[in-house]
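One file, run_12.cif, carrying mmCIF, C-alpha atoms and all ligand atoms:
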```
data_upload
#
loop_
_atom_site.group_PDB
_atom_site.id
_atom_site.type_symbol
_atom_site.label_atom_id
_atom_site.label_comp_id
_atom_site.auth_asym_id
_atom_site.auth_seq_id
_atom_site.Cartn_x
_atom_site.Cartn_y
_atom_site.Cartn_z
ATOM 1 C CA MET A 280 0.000 0.000 0.000
ATOM 2 C CA ALA A 281 1.300 3.417 -0.957
ATOM 3 C CA ARG A 282 2.320 5.888 1.710
ATOM 4 C CA ILE A 283 0.864 9.228 0.652
ATOM 5 C CA LEU A 284 2.864 12.338 1.501
ATOM 6 C CA ALA A 285 1.802 15.936 0.869
ATOM 7 C CA VAL A 286 4.782 18.228 0.366
ATOM 8 C CA THR A 287 3.268 21.392 1.699
ATOM 9 C CA ASN A 288 3.905 24.879 3.083
ATOM 10 C CA GLN A 289 1.633 27.833 2.337
ATOM 11 C CA LYS A 290 4.736 29.917 1.765
ATOM 12 C CA GLY A 291 6.022 30.049 -1.816
ATOM 13 C CA GLY A 292 9.643 29.539 -2.793
ATOM 14 C CA VAL A 293 10.603 27.266 0.105
ATOM 15 C CA GLY A 294 11.507 24.247 -2.037
ATOM 16 C CA LYS A 295 8.253 22.261 -2.221
ATOM 17 C CA THR A 296 8.447 21.562 -5.935
ATOM 18 C CA THR A 297 12.193 20.938 -5.843
ATOM 19 C CA THR A 298 11.622 18.454 -3.033
ATOM 20 C CA ALA A 299 8.687 16.671 -4.682
ATOM 21 C CA VAL A 300 10.538 16.191 -7.986
ATOM 22 C CA ASN A 301 13.909 15.236 -6.543
ATOM 23 C CA LEU A 302 12.645 13.043 -3.758
ATOM 24 C CA SER A 303 10.437 11.204 -6.274
ATOM 25 C CA ALA A 304 13.460 10.576 -8.497
ATOM 26 C CA CYS A 305 15.689 9.517 -5.596
ATOM 27 C CA LEU A 306 13.093 7.155 -4.134
ATOM 28 C CA ALA A 307 12.636 5.643 -7.606
ATOM 29 C CA ALA A 308 16.427 5.237 -7.872
ATOM 30 C CA LEU A 309 16.254 3.214 -4.643
ATOM 31 C CA GLY A 310 13.766 0.852 -6.268
ATOM 32 C CA GLN A 311 10.575 2.386 -4.891
ATOM 33 C CA ARG A 312 7.449 2.626 -7.017
ATOM 34 C CA VAL A 313 6.569 6.327 -6.978
ATOM 35 C CA LEU A 314 3.759 8.531 -8.244
ATOM 36 C CA MET A 315 4.238 12.281 -8.072
ATOM 37 C CA ILE A 316 1.101 14.426 -8.197
ATOM 38 C CA ASP A 317 1.418 18.024 -9.323
ATOM 39 C CA LEU A 318 -1.266 19.966 -7.436
ATOM 40 C CA ASP A 319 0.020 23.409 -8.401
ATOM 41 C CA PRO A 320 -1.569 25.161 -11.421
ATOM 42 C CA GLN A 321 1.860 26.639 -12.148
ATOM 43 C CA GLY A 322 2.857 23.128 -13.188
ATOM 44 C CA ASN A 323 6.526 23.633 -12.278
ATOM 45 C CA GLY A 324 6.776 20.083 -11.025
ATOM 46 C CA THR A 325 5.405 18.828 -14.338
ATOM 47 C CA THR A 326 7.929 20.697 -16.497
ATOM 48 C CA GLY A 327 10.665 19.857 -13.991
ATOM 49 C CA CYS A 328 10.108 16.192 -14.857
ATOM 50 C CA GLY A 329 10.436 16.862 -18.583
ATOM 51 C CA ILE A 330 6.704 16.783 -19.350
ATOM 52 C CA ILE A 331 5.528 19.473 -21.775
ATOM 53 C CA LYS A 332 2.472 20.978 -20.124
ATOM 54 C CA ARG A 333 0.469 21.697 -23.282
ATOM 55 C CA GLU A 334 0.625 18.047 -24.264
ATOM 56 C CA ALA A 335 -0.048 16.767 -20.802
ATOM 57 C CA LEU A 336 -3.759 16.155 -21.097
ATOM 58 C CA PRO A 337 -5.696 14.905 -19.231
ATOM 59 C CA THR A 338 -4.269 16.275 -15.993
ATOM 60 C CA VAL A 339 -5.046 16.173 -12.296
ATOM 61 C CA TYR A 340 -7.748 18.727 -13.133
ATOM 62 C CA GLN A 341 -9.810 16.224 -15.136
ATOM 63 C CA LEU A 342 -9.269 13.731 -12.357
ATOM 64 C CA LEU A 343 -10.613 16.101 -9.693
ATOM 65 C CA ILE A 344 -13.742 16.997 -11.634
ATOM 66 C CA GLY A 345 -14.403 13.365 -12.493
ATOM 67 C CA ARG A 346 -13.685 13.501 -16.230
ATOM 68 C CA SER A 347 -10.709 11.176 -16.095
ATOM 69 C CA THR A 348 -9.370 8.293 -14.043
ATOM 70 C CA LEU A 349 -5.893 8.038 -12.593
ATOM 71 C CA ALA A 350 -5.067 5.256 -15.058
ATOM 72 C CA GLN A 351 -5.938 7.599 -17.938
ATOM 73 C CA ALA A 352 -4.173 10.673 -16.603
ATOM 74 C CA ARG A 353 -0.867 9.404 -15.222
ATOM 75 C CA LEU A 354 2.257 9.500 -17.378
ATOM 76 C CA LYS A 355 5.643 7.831 -17.124
ATOM 77 C CA THR A 356 8.584 10.183 -16.674
ATOM 78 C CA ASP A 357 12.042 9.247 -18.003
ATOM 79 C CA PHE A 358 13.243 8.962 -14.421
ATOM 80 C CA GLY A 359 11.603 5.799 -13.160
ATOM 81 C CA PHE A 360 8.475 7.284 -11.619
ATOM 82 C CA ASP A 361 4.969 8.229 -12.748
ATOM 83 C CA ILE A 362 3.466 11.679 -12.676
ATOM 84 C CA LEU A 363 -0.038 13.044 -12.576
ATOM 85 C CA PRO A 364 0.627 16.331 -14.379
ATOM 86 C CA ALA A 365 -0.895 19.771 -13.940
ATOM 87 C CA ASN A 366 -1.203 22.900 -16.016
ATOM 88 C CA ARG A 367 -2.940 26.268 -15.707
ATOM 89 C CA GLU A 368 -6.323 24.686 -16.233
ATOM 90 C CA LEU A 369 -6.053 23.422 -12.659
ATOM 91 C CA ALA A 370 -6.580 26.983 -11.387
ATOM 92 C CA GLY A 371 -10.228 26.567 -12.413
ATOM 93 C CA ALA A 372 -10.703 23.581 -10.138
ATOM 94 C CA GLU A 373 -11.224 25.860 -7.158
ATOM 95 C CA VAL A 374 -14.436 27.218 -8.719
ATOM 96 C CA ASP A 375 -15.534 23.964 -10.350
ATOM 97 C CA LEU A 376 -15.322 22.084 -7.080
ATOM 98 C CA ILE A 377 -17.494 24.534 -5.119
ATOM 99 C CA ASP A 378 -20.789 22.805 -5.768
ATOM 100 C CA MET A 379 -19.488 19.271 -6.174
ATOM 101 C CA ALA A 380 -20.414 16.631 -3.641
ATOM 102 C CA GLY A 381 -17.578 15.597 -1.331
ATOM 103 C CA ARG A 382 -15.304 18.190 -2.867
ATOM 104 C CA GLU A 383 -12.621 17.753 -0.178
ATOM 105 C CA TYR A 384 -12.372 14.018 -0.838
ATOM 106 C CA ARG A 385 -12.159 13.921 -4.623
ATOM 107 C CA LEU A 386 -8.422 13.315 -4.846
ATOM 108 C CA ARG A 387 -8.480 10.722 -2.067
ATOM 109 C CA ASP A 388 -11.256 8.802 -3.817
ATOM 110 C CA ALA A 389 -9.565 9.027 -7.217
ATOM 111 C CA LEU A 390 -6.326 7.592 -5.803
ATOM 112 C CA ALA A 391 -7.954 4.710 -3.961
ATOM 113 C CA PRO A 392 -7.857 2.195 -6.862
ATOM 114 C CA ALA A 393 -4.112 2.778 -7.417
ATOM 115 C CA LEU A 394 -2.757 2.504 -3.870
ATOM 116 C CA GLY A 395 -1.415 -0.968 -4.606
ATOM 117 C CA ASP A 396 0.555 0.277 -7.628
ATOM 118 C CA TYR A 397 2.947 2.436 -5.588
ATOM 119 C CA ASP A 398 5.149 2.518 -2.509
ATOM 120 C CA PHE A 399 5.034 6.320 -2.326
ATOM 121 C CA ILE A 400 2.697 8.983 -3.640
ATOM 122 C CA LEU A 401 4.183 12.476 -3.289
ATOM 123 C CA MET A 402 1.985 15.524 -3.808
ATOM 124 C CA ASP A 403 3.458 18.906 -4.698
ATOM 125 C CA CYS A 404 0.992 21.350 -3.104
ATOM 126 C CA PRO A 405 0.436 24.961 -4.235
ATOM 127 C CA PRO A 406 1.636 27.829 -2.007
ATOM 128 C CA ALA A 407 -1.801 28.424 -0.515
ATOM 129 C CA LEU A 408 -4.288 26.807 1.816
ATOM 130 C CA ASN A 409 -6.932 26.429 -0.880
ATOM 131 C CA MET A 410 -9.235 23.619 -2.021
ATOM 132 C CA LEU A 411 -6.390 21.948 -3.943
ATOM 133 C CA THR A 412 -4.234 21.819 -0.833
ATOM 134 C CA VAL A 413 -7.214 20.619 1.208
ATOM 135 C CA ASN A 414 -7.701 17.783 -1.293
ATOM 136 C CA GLY A 415 -4.023 16.950 -0.890
ATOM 137 C CA LEU A 416 -4.170 16.997 2.908
ATOM 138 C CA THR A 417 -7.344 14.921 2.952
ATOM 139 C CA ALA A 418 -5.747 12.270 0.745
ATOM 140 C CA ALA A 419 -2.442 12.224 2.640
ATOM 141 C CA ASP A 420 -1.127 9.975 5.392
ATOM 142 C CA ALA A 421 1.359 12.642 6.391
ATOM 143 C CA VAL A 422 2.837 15.987 5.427
ATOM 144 C CA MET A 423 6.415 16.819 4.625
ATOM 145 C CA ILE A 424 7.143 20.479 5.289
ATOM 146 C CA PRO A 425 10.081 22.070 3.487
ATOM 147 C CA MET A 426 11.212 25.318 5.017
ATOM 148 C CA GLN A 427 13.965 27.863 4.803
ATOM 149 C CA CYS A 428 15.542 28.650 8.134
ATOM 150 C CA GLU A 429 14.858 32.376 8.145
ATOM 151 C CA TYR A 430 13.176 34.874 10.398
ATOM 152 C CA TYR A 431 9.507 34.375 9.461
ATOM 153 C CA ALA A 432 9.710 30.634 9.002
ATOM 154 C CA LEU A 433 8.624 29.674 12.505
ATOM 155 C CA GLU A 434 5.668 32.064 12.396
ATOM 156 C CA GLY A 435 4.450 30.491 9.147
ATOM 157 C CA LEU A 436 4.893 27.083 10.680
ATOM 158 C CA THR A 437 2.520 27.959 13.534
ATOM 159 C CA ASP A 438 -0.209 28.780 10.977
ATOM 160 C CA LEU A 439 0.439 25.571 9.107
ATOM 161 C CA VAL A 440 0.298 23.432 12.238
ATOM 162 C CA ALA A 441 -3.047 25.071 13.139
ATOM 163 C CA THR A 442 -4.397 24.228 9.690
ATOM 164 C CA LEU A 443 -3.234 20.631 10.001
ATOM 165 C CA LYS A 444 -5.092 20.370 13.310
ATOM 166 C CA LYS A 445 -8.289 21.574 11.645
ATOM 167 C CA VAL A 446 -7.904 19.098 8.810
ATOM 168 C CA ARG A 447 -7.359 16.339 11.351
ATOM 169 C CA VAL A 448 -10.561 17.238 13.215
ATOM 170 C CA HIS A 449 -12.811 17.712 10.198
ATOM 171 C CA LEU A 450 -11.469 15.737 7.247
ATOM 172 C CA ASN A 451 -8.627 13.336 7.890
ATOM 173 C CA ALA A 452 -8.016 12.022 11.393
ATOM 174 C CA ARG A 453 -4.906 10.052 10.400
ATOM 175 C CA LEU A 454 -2.929 13.026 9.052
ATOM 176 C CA GLU A 455 0.505 13.225 10.681
ATOM 177 C CA ILE A 456 3.590 15.362 10.303
ATOM 178 C CA GLU A 457 6.093 13.105 8.567
ATOM 179 C CA GLY A 458 8.860 15.607 8.944
ATOM 180 C CA LEU A 459 10.281 19.095 8.571
ATOM 181 C CA LEU A 460 12.925 19.586 5.931
ATOM 182 C CA ARG A 461 15.503 22.337 6.111
ATOM 183 C CA THR A 462 16.022 23.575 2.540
ATOM 184 C CA MET A 463 18.353 26.044 0.794
ATOM 185 C CA PHE A 464 20.498 25.818 3.874
ATOM 186 C CA ASP A 465 23.453 28.142 4.250
ATOM 187 C CA PRO A 466 25.472 27.087 7.297
ATOM 188 C CA ARG A 467 27.496 30.308 7.219
ATOM 189 C CA SER A 468 24.478 32.372 8.288
ATOM 190 C CA THR A 469 24.117 32.845 12.042
ATOM 191 C CA LEU A 470 20.370 33.422 11.694
ATOM 192 C CA THR A 471 19.992 30.158 9.784
ATOM 193 C CA GLN A 472 21.817 28.314 12.556
ATOM 194 C CA GLN A 473 19.620 29.962 15.180
ATOM 195 C CA VAL A 474 16.316 29.194 13.452
ATOM 196 C CA SER A 475 17.490 25.660 12.729
ATOM 197 C CA GLY A 476 18.290 25.208 16.410
ATOM 198 C CA GLU A 477 14.853 26.465 17.461
ATOM 199 C CA LEU A 478 13.233 24.139 14.962
ATOM 200 C CA VAL A 479 14.955 21.104 16.428
ATOM 201 C CA GLU A 480 14.109 22.302 19.941
ATOM 202 C CA HIS A 481 10.385 22.550 19.113
ATOM 203 C CA PHE A 482 9.952 19.592 16.807
ATOM 204 C CA GLY A 483 12.721 17.203 17.894
ATOM 205 C CA ASP A 484 12.825 13.996 15.830
ATOM 206 C CA LYS A 485 10.324 15.427 13.368
ATOM 207 C CA VAL A 486 13.146 17.459 11.834
ATOM 208 C CA TYR A 487 14.937 15.356 9.227
ATOM 209 C CA ARG A 488 18.611 14.801 9.928
ATOM 210 C CA THR A 489 19.244 15.388 6.226
ATOM 211 C CA ILE A 490 19.678 19.049 5.369
ATOM 212 C CA ILE A 491 19.272 20.320 1.798
ATOM 213 C CA PRO A 492 22.030 22.844 1.091
ATOM 214 C CA ARG A 493 21.699 25.776 -1.245
ATOM 215 C CA ASN A 494 23.042 24.314 -4.465
ATOM 216 C CA VAL A 495 22.905 25.956 -7.875
ATOM 217 C CA ARG A 496 22.583 22.599 -9.686
ATOM 218 C CA LEU A 497 19.197 22.111 -7.983
ATOM 219 C CA ALA A 498 18.029 25.424 -9.429
ATOM 220 C CA GLU A 499 19.435 24.647 -12.888
ATOM 221 C CA ALA A 500 18.087 21.121 -13.321
ATOM 222 C CA PRO A 501 14.401 22.078 -13.926
ATOM 223 C CA SER A 502 15.300 24.148 -17.001
ATOM 224 C CA TYR A 503 16.590 20.892 -18.522
ATOM 225 C CA GLY A 504 13.416 19.083 -17.465
ATOM 226 C CA LYS A 505 15.385 16.772 -15.211
ATOM 227 C CA PRO A 506 15.631 15.902 -11.534
ATOM 228 C CA VAL A 507 19.101 16.735 -10.272
ATOM 229 C CA ILE A 508 20.272 13.101 -10.031
ATOM 230 C CA ALA A 509 19.736 12.810 -13.792
ATOM 231 C CA PHE A 510 21.427 16.166 -14.411
ATOM 232 C CA ASP A 511 24.447 16.198 -12.108
ATOM 233 C CA ARG A 512 24.559 13.023 -10.082
ATOM 234 C CA LEU A 513 27.567 14.081 -8.019
ATOM 235 C CA SER A 514 26.290 17.538 -7.061
ATOM 236 C CA LYS A 515 25.671 18.404 -3.411
ATOM 237 C CA GLY A 516 21.962 18.714 -4.216
ATOM 238 C CA ALA A 517 21.769 15.230 -5.703
ATOM 239 C CA GLN A 518 23.607 13.771 -2.726
ATOM 240 C CA ALA A 519 21.314 15.551 -0.272
ATOM 241 C CA TYR A 520 18.066 14.369 -1.874
ATOM 242 C CA SER A 521 19.457 10.831 -2.158
ATOM 243 C CA ALA A 522 20.253 10.945 1.540
ATOM 244 C CA LEU A 523 16.735 12.218 2.283
ATOM 245 C CA ALA A 524 15.196 9.342 0.328
ATOM 246 C CA GLN A 525 17.302 6.894 2.322
ATOM 247 C CA GLU A 526 16.368 8.603 5.606
ATOM 248 C CA LEU A 527 12.694 8.268 4.709
ATOM 249 C CA LEU A 528 13.082 4.540 4.052
ATOM 250 C CA ASP A 529 15.122 4.039 7.237
ATOM 251 C CA ARG A 530 12.503 5.835 9.320
ATOM 252 C CA GLN A 531 9.758 3.796 7.757
ATOM 253 C CA ALA A 532 11.629 0.551 8.456
ATOM 254 C CA ALA A 533 12.185 1.636 12.068
ATOM 255 C CA MET A 534 8.488 2.475 12.428
ATOM 256 C CA GLY A 535 7.532 -0.916 11.018
ATOM 257 C CA ALA A 536 9.878 -2.647 13.465
ATOM 258 C CA THR A 537 8.393 -0.731 16.413
ATOM 259 C CA THR A 538 4.862 -1.623 15.327
ATOM 260 C CA GLU A 539 5.819 -5.297 15.018
ATOM 261 C CA LEU A 540 7.409 -5.262 18.465
ATOM 262 C CA ALA A 541 4.312 -3.647 19.943
ATOM 263 C CA GLY A 542 2.173 -6.251 18.177
ATOM 264 C CA ALA A 543 4.349 -9.132 19.414
ATOM 265 C CA SER A 544 4.365 -7.989 23.018
ATOM 266 C CA GLY A 545 0.696 -6.913 23.102
HETATM 267 P P1 LIG B 601 8.147 26.174 -3.974
HETATM 268 O O1 LIG B 601 7.644 25.017 -4.752
HETATM 269 O O2 LIG B 601 8.016 25.996 -2.489
HETATM 270 O O3 LIG B 601 7.566 27.472 -4.417
HETATM 271 P P2 LIG B 601 10.625 25.756 -5.403
HETATM 272 O O4 LIG B 601 10.984 24.336 -5.197
HETATM 273 O O5 LIG B 601 9.995 26.115 -6.710
HETATM 274 O O6 LIG B 601 9.734 26.282 -4.202
HETATM 275 O O7 LIG B 601 11.944 26.611 -5.174
HETATM 276 C C1 LIG B 601 11.959 28.018 -5.361
HETATM 277 C C2 LIG B 601 13.193 28.414 -6.166
HETATM 278 O O8 LIG B 601 14.377 28.082 -5.441
HETATM 279 C C3 LIG B 601 13.304 27.676 -7.494
HETATM 280 O O9 LIG B 601 13.853 28.542 -8.435
HETATM 281 C C4 LIG B 601 14.254 26.530 -7.185
HETATM 282 O O10 LIG B 601 14.958 26.108 -8.329
HETATM 283 C C5 LIG B 601 15.167 27.151 -6.169
HETATM 284 N N1 LIG B 601 15.673 26.163 -5.191
HETATM 285 C C6 LIG B 601 14.948 25.269 -4.474
HETATM 286 N N2 LIG B 601 15.731 24.570 -3.638
HETATM 287 C C7 LIG B 601 16.998 25.021 -3.816
HETATM 288 C C8 LIG B 601 18.271 24.701 -3.235
HETATM 289 N N3 LIG B 601 18.380 23.766 -2.291
HETATM 290 N N4 LIG B 601 19.358 25.375 -3.686
HETATM 291 C C9 LIG B 601 19.236 26.332 -4.627
HETATM 292 N N5 LIG B 601 18.084 26.684 -5.213
HETATM 293 C C10 LIG B 601 16.955 26.041 -4.824
HETATM 294 MG MG MG B 602 6.096 24.939 -6.164
#
```
Before anything else, please render the file you have as structure tokens.
Ligand code: ADP
Ligand code: MG
Amino acid sequence: MARILAVTNQKGGVGKTTTAVNLSACLAALGQRVLMIDLDPQGNGTTGCGIIKREALPTVYQLLIGRSTLAQARLKTDFGFDILPANRELAGAEVDLIDMAGREYRLRDALAPALGDYDFILMDCPPALNMLTVNGLTAADAVMIPMQCEYYALEGLTDLVATLKKVRVHLNARLEIEGLLRTMFDPRSTLTQQVSGELVEHFGDKVYRTIIPRNVRLAEAPSYGKPVIAFDRLSKGAQAYSALAQELLDRQAAMGATTELAGASG
């Protein structure tokens, strides 16, 4: 059964799309079956995987409004994982969904038949707490929160945690925080070090050990339509996202072992 992760933060430019694309590619490189879902009408995640948006029809939009199934809309990337693409049309979903029954659950229901096809489903959420993000959070098992360690980051995080609580109460009781990811990290900045320290103090183990450094190859790769491991395998960015993929698998294995132990002793 797929583990469904929403890569989310209502702040733009924190590395959500970069994380969704590169983590998908790195998990696939480790033999995982991965589906990436582009939930952002900007479609940066789609082009970042080498999919031309104009040609990418049907998209997640048709899926949400019930005009397409997942099997019809998903595409294979050249990088060992599948993608459910998006383009600007998706911006209309907000309005189209208003009077649809169960509008918060449409993505969850559309994914249900395909959960056995994947080990991971990663959703690249838009930089807003809108109906698209709500569909993502309702479908998800957990959220992965990329963040830059800068002054306003912790404030934004408080808002996000409050939203997650609301979603848990009203729409999706099983939603957890999978982890917080420090992105675009510059260890030379004192402020970065400070915010990073506070983050670990507040969230403890929820902060991934892996840190994503600021790395120009990560910013360049999307213009070639490639994840960074397919663009510059030895770059710091490629190494960091590979390490993150491994950390995710290690954590999951540890969780499984704990559950088994609890089961055996209980
Ligand atoms: P979001 O999806 O949260 O808006 P993006 O992933 O699109 O954020 O990242 C914003 C910008 O920063 C993009 O131009 C991206 O290429 C760049 N970027 C993201 N992560 C890094 C990094 N670790 N190092 C350098 N540039 C990065
Ligand atoms: Mg984005």
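The interatomic distance for the pair CA of Gln311 in chain A and CA of Asp361 in chain A works out to 11.3 Å.
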Tell me, counting all atoms listed in the file, for each residue of chain A within 6 Å of ligand LIG 601 (chain B), which pair of atoms is nearest and how far apart they are in Å to one decimal, in rows ordered by chain and increasing number, as a tab-separated table.
```
residue	atom	partner	partner_atom	distance
A:Gly291	CA	B:LIG601	O3	4.0
A:Gly292	CA	B:LIG601	O3	3.4
A:Val293	CA	B:LIG601	O2	3.9
A:Gly294	CA	B:LIG601	O4	3.2
A:Lys295	CA	B:LIG601	O2	3.8
A:Thr296	CA	B:LIG601	O1	3.7
A:Thr297	CA	B:LIG601	O4	3.7
A:Thr462	CA	B:LIG601	N3	5.4
A:Met463	CA	B:LIG601	N3	3.8
A:Ile491	CA	B:LIG601	N3	5.4
A:Pro492	CA	B:LIG601	N3	5.1
A:Arg493	CA	B:LIG601	N4	3.4
A:Asn494	CA	B:LIG601	N4	3.9
A:Val495	CA	B:LIG601	C9	4.9
A:Leu497	CA	B:LIG601	C9	5.4
A:Ala498	CA	B:LIG601	O10	3.3
```
Quick one: which residues end up in the PyMOL selection byres (((chain A and resi 395) around 12) and not hetatm) for this structure, as a PyMOL selection string? chain A and resi 280-283+312-314+390-394+396-400
As a quick test: using only C-alpha atoms and all ligand atoms, which residues lie no more than 12 Å away from ligand MG 602 (chain B)? Give them as JSON, numbers by chain. {"A": [286, 287, 288, 289, 290, 291, 292, 293, 294, 295, 296, 297, 298, 299, 300, 316, 317, 318, 319, 320, 321, 322, 323, 324, 325, 326, 327, 365, 402, 403, 404, 405, 406, 407, 425, 501]}
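Using the PyMOL selection byres (((chain A and resi 450) around 10) and not hetatm) on this structure selects Glu383, Tyr384, Val413, Asn414, Leu416, Thr417, Ala418, Leu443, Lys444, Lys445, Val446, Arg447, Val448, His449, Asn451, Ala452, Arg453 and Leu454 of chain A.
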Proximity to Leu363 in chain A - best of A:Thr348, A:Thr338, A:Arg385, A:Gly535, all atoms listed in the file: A:Thr338
Which neighbours of range 509-523 of chain A fall inside 9 Å, counting only C-alpha atoms, when residues of the same chain fewer than 5 positions from it are skipped, and could you give them as a PyMOL selection string? chain A and resi 298+301-302+304-306+308-309+358+487-497+499-500+503+528
Given the point (6.3, 29.3, 7.7) in the file's coordinates, find the residues that have an atom at most 10 Å from it, counting all atoms listed in the file, and give them as JSON, numbers by chain. {"A": [288, 289, 290, 291, 293, 424, 425, 426, 427, 428, 429, 430, 431, 432, 433, 434, 435, 436, 437, 438, 439, 440]}
Selected residues, C-alpha atoms, written as a PDB file, in the coordinates of the input, please.
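Just written: selection20.pdb:
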```pdb
ATOM      1  CA  ASN A 288       3.905  24.879   3.083  1.00  0.00           C
ATOM      2  CA  GLN A 289       1.633  27.833   2.337  1.00  0.00           C
ATOM      3  CA  LYS A 290       4.736  29.917   1.765  1.00  0.00           C
ATOM      4  CA  GLY A 291       6.022  30.049  -1.816  1.00  0.00           C
ATOM      5  CA  VAL A 293      10.603  27.266   0.105  1.00  0.00           C
ATOM      6  CA  ILE A 424       7.143  20.479   5.289  1.00  0.00           C
ATOM      7  CA  PRO A 425      10.081  22.070   3.487  1.00  0.00           C
ATOM      8  CA  MET A 426      11.212  25.318   5.017  1.00  0.00           C
ATOM      9  CA  GLN A 427      13.965  27.863   4.803  1.00  0.00           C
ATOM     10  CA  CYS A 428      15.542  28.650   8.134  1.00  0.00           C
ATOM     11  CA  GLU A 429      14.858  32.376   8.145  1.00  0.00           C
ATOM     12  CA  TYR A 430      13.176  34.874  10.398  1.00  0.00           C
ATOM     13  CA  TYR A 431       9.507  34.375   9.461  1.00  0.00           C
ATOM     14  CA  ALA A 432       9.710  30.634   9.002  1.00  0.00           C
ATOM     15  CA  LEU A 433       8.624  29.674  12.505  1.00  0.00           C
ATOM     16  CA  GLU A 434       5.668  32.064  12.396  1.00  0.00           C
ATOM     17  CA  GLY A 435       4.450  30.491   9.147  1.00  0.00           C
ATOM     18  CA  LEU A 436       4.893  27.083  10.680  1.00  0.00           C
ATOM     19  CA  THR A 437       2.520  27.959  13.534  1.00  0.00           C
ATOM     20  CA  ASP A 438      -0.209  28.780  10.977  1.00  0.00           C
ATOM     21  CA  LEU A 439       0.439  25.571   9.107  1.00  0.00           C
ATOM     22  CA  VAL A 440       0.298  23.432  12.238  1.00  0.00           C
TER      23      VAL A 440
END
```
So what do you get for CA of Leu401 in chain A versus CA of Ala524 in chain A, distance-wise?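 About the pair CA of Leu401 in chain A and CA of Ala524 in chain A: they are 12.0 Å apart.
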Can you tell me how far CA of Phe360 in chain A sits from CA of Lys485 in chain A, in Å to one decimal? 26.3 Å
Would you mind listing what lies within 6 Å of Leu284 in chain A as a VMD selection string, with all atoms listed in the file counted and same-chain residues fewer than 4 positions away left out? chain A and resid 401 419 421 to 422
Can you tell me, as AutoDock Vina command-line options, the centre and edge lengths (Å, one decimal) of the axis-aligned box enclosing all of range 524-535 of chain A's listed atoms after padding each side by 5 Å?
```
--center_x 12.4 --center_y 4.2 --center_z 6.4 --size_x 19.8 --size_y 20.3 --size_z 22.1
```
Will you model N, CA and C atoms for range 409-421 of chain A and pass it back as an mmCIF file, keeping the file's coordinate frame?
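Contents of selection_10.cif, freshly written:
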```cif
data_model
loop_
_atom_site.group_PDB
_atom_site.id
_atom_site.type_symbol
_atom_site.label_atom_id
_atom_site.label_comp_id
_atom_site.auth_asym_id
_atom_site.auth_seq_id
_atom_site.Cartn_x
_atom_site.Cartn_y
_atom_site.Cartn_z
ATOM 1 N N ASN A 409 -5.684 26.391 -0.116
ATOM 2 C CA ASN A 409 -6.932 26.429 -0.880
ATOM 3 C C ASN A 409 -7.517 25.019 -1.031
ATOM 4 N N MET A 410 -8.537 24.896 -1.890
ATOM 5 C CA MET A 410 -9.235 23.619 -2.021
ATOM 6 C C MET A 410 -8.326 22.532 -2.606
ATOM 7 N N LEU A 411 -7.338 22.929 -3.406
ATOM 8 C CA LEU A 411 -6.390 21.948 -3.943
ATOM 9 C C LEU A 411 -5.531 21.379 -2.810
ATOM 10 N N THR A 412 -5.036 22.273 -1.969
ATOM 11 C CA THR A 412 -4.234 21.819 -0.833
ATOM 12 C C THR A 412 -5.088 20.970 0.110
ATOM 13 N N VAL A 413 -6.321 21.394 0.338
ATOM 14 C CA VAL A 413 -7.214 20.619 1.208
ATOM 15 C C VAL A 413 -7.425 19.220 0.639
ATOM 16 N N ASN A 414 -7.587 19.105 -0.680
ATOM 17 C CA ASN A 414 -7.701 17.783 -1.293
ATOM 18 C C ASN A 414 -6.434 16.958 -1.059
ATOM 19 N N GLY A 415 -5.289 17.634 -1.146
ATOM 20 C CA GLY A 415 -4.023 16.950 -0.890
ATOM 21 C C GLY A 415 -3.931 16.471 0.549
ATOM 22 N N LEU A 416 -4.282 17.344 1.485
ATOM 23 C CA LEU A 416 -4.170 16.997 2.908
ATOM 24 C C LEU A 416 -5.184 15.918 3.299
ATOM 25 N N THR A 417 -6.331 15.926 2.650
ATOM 26 C CA THR A 417 -7.344 14.921 2.952
ATOM 27 C C THR A 417 -6.926 13.544 2.433
ATOM 28 N N ALA A 418 -6.196 13.545 1.324
ATOM 29 C CA ALA A 418 -5.747 12.270 0.745
ATOM 30 C C ALA A 418 -4.505 11.726 1.446
ATOM 31 N N ALA A 419 -3.780 12.592 2.163
ATOM 32 C CA ALA A 419 -2.442 12.224 2.640
ATOM 33 C C ALA A 419 -2.460 11.407 3.928
ATOM 34 N N ASP A 420 -1.408 10.595 4.095
ATOM 35 C CA ASP A 420 -1.127 9.975 5.392
ATOM 36 C C ASP A 420 -0.354 10.951 6.263
ATOM 37 N N ALA A 421 0.487 11.749 5.629
ATOM 38 C CA ALA A 421 1.359 12.642 6.391
ATOM 39 C C ALA A 421 1.831 13.791 5.513
#
```
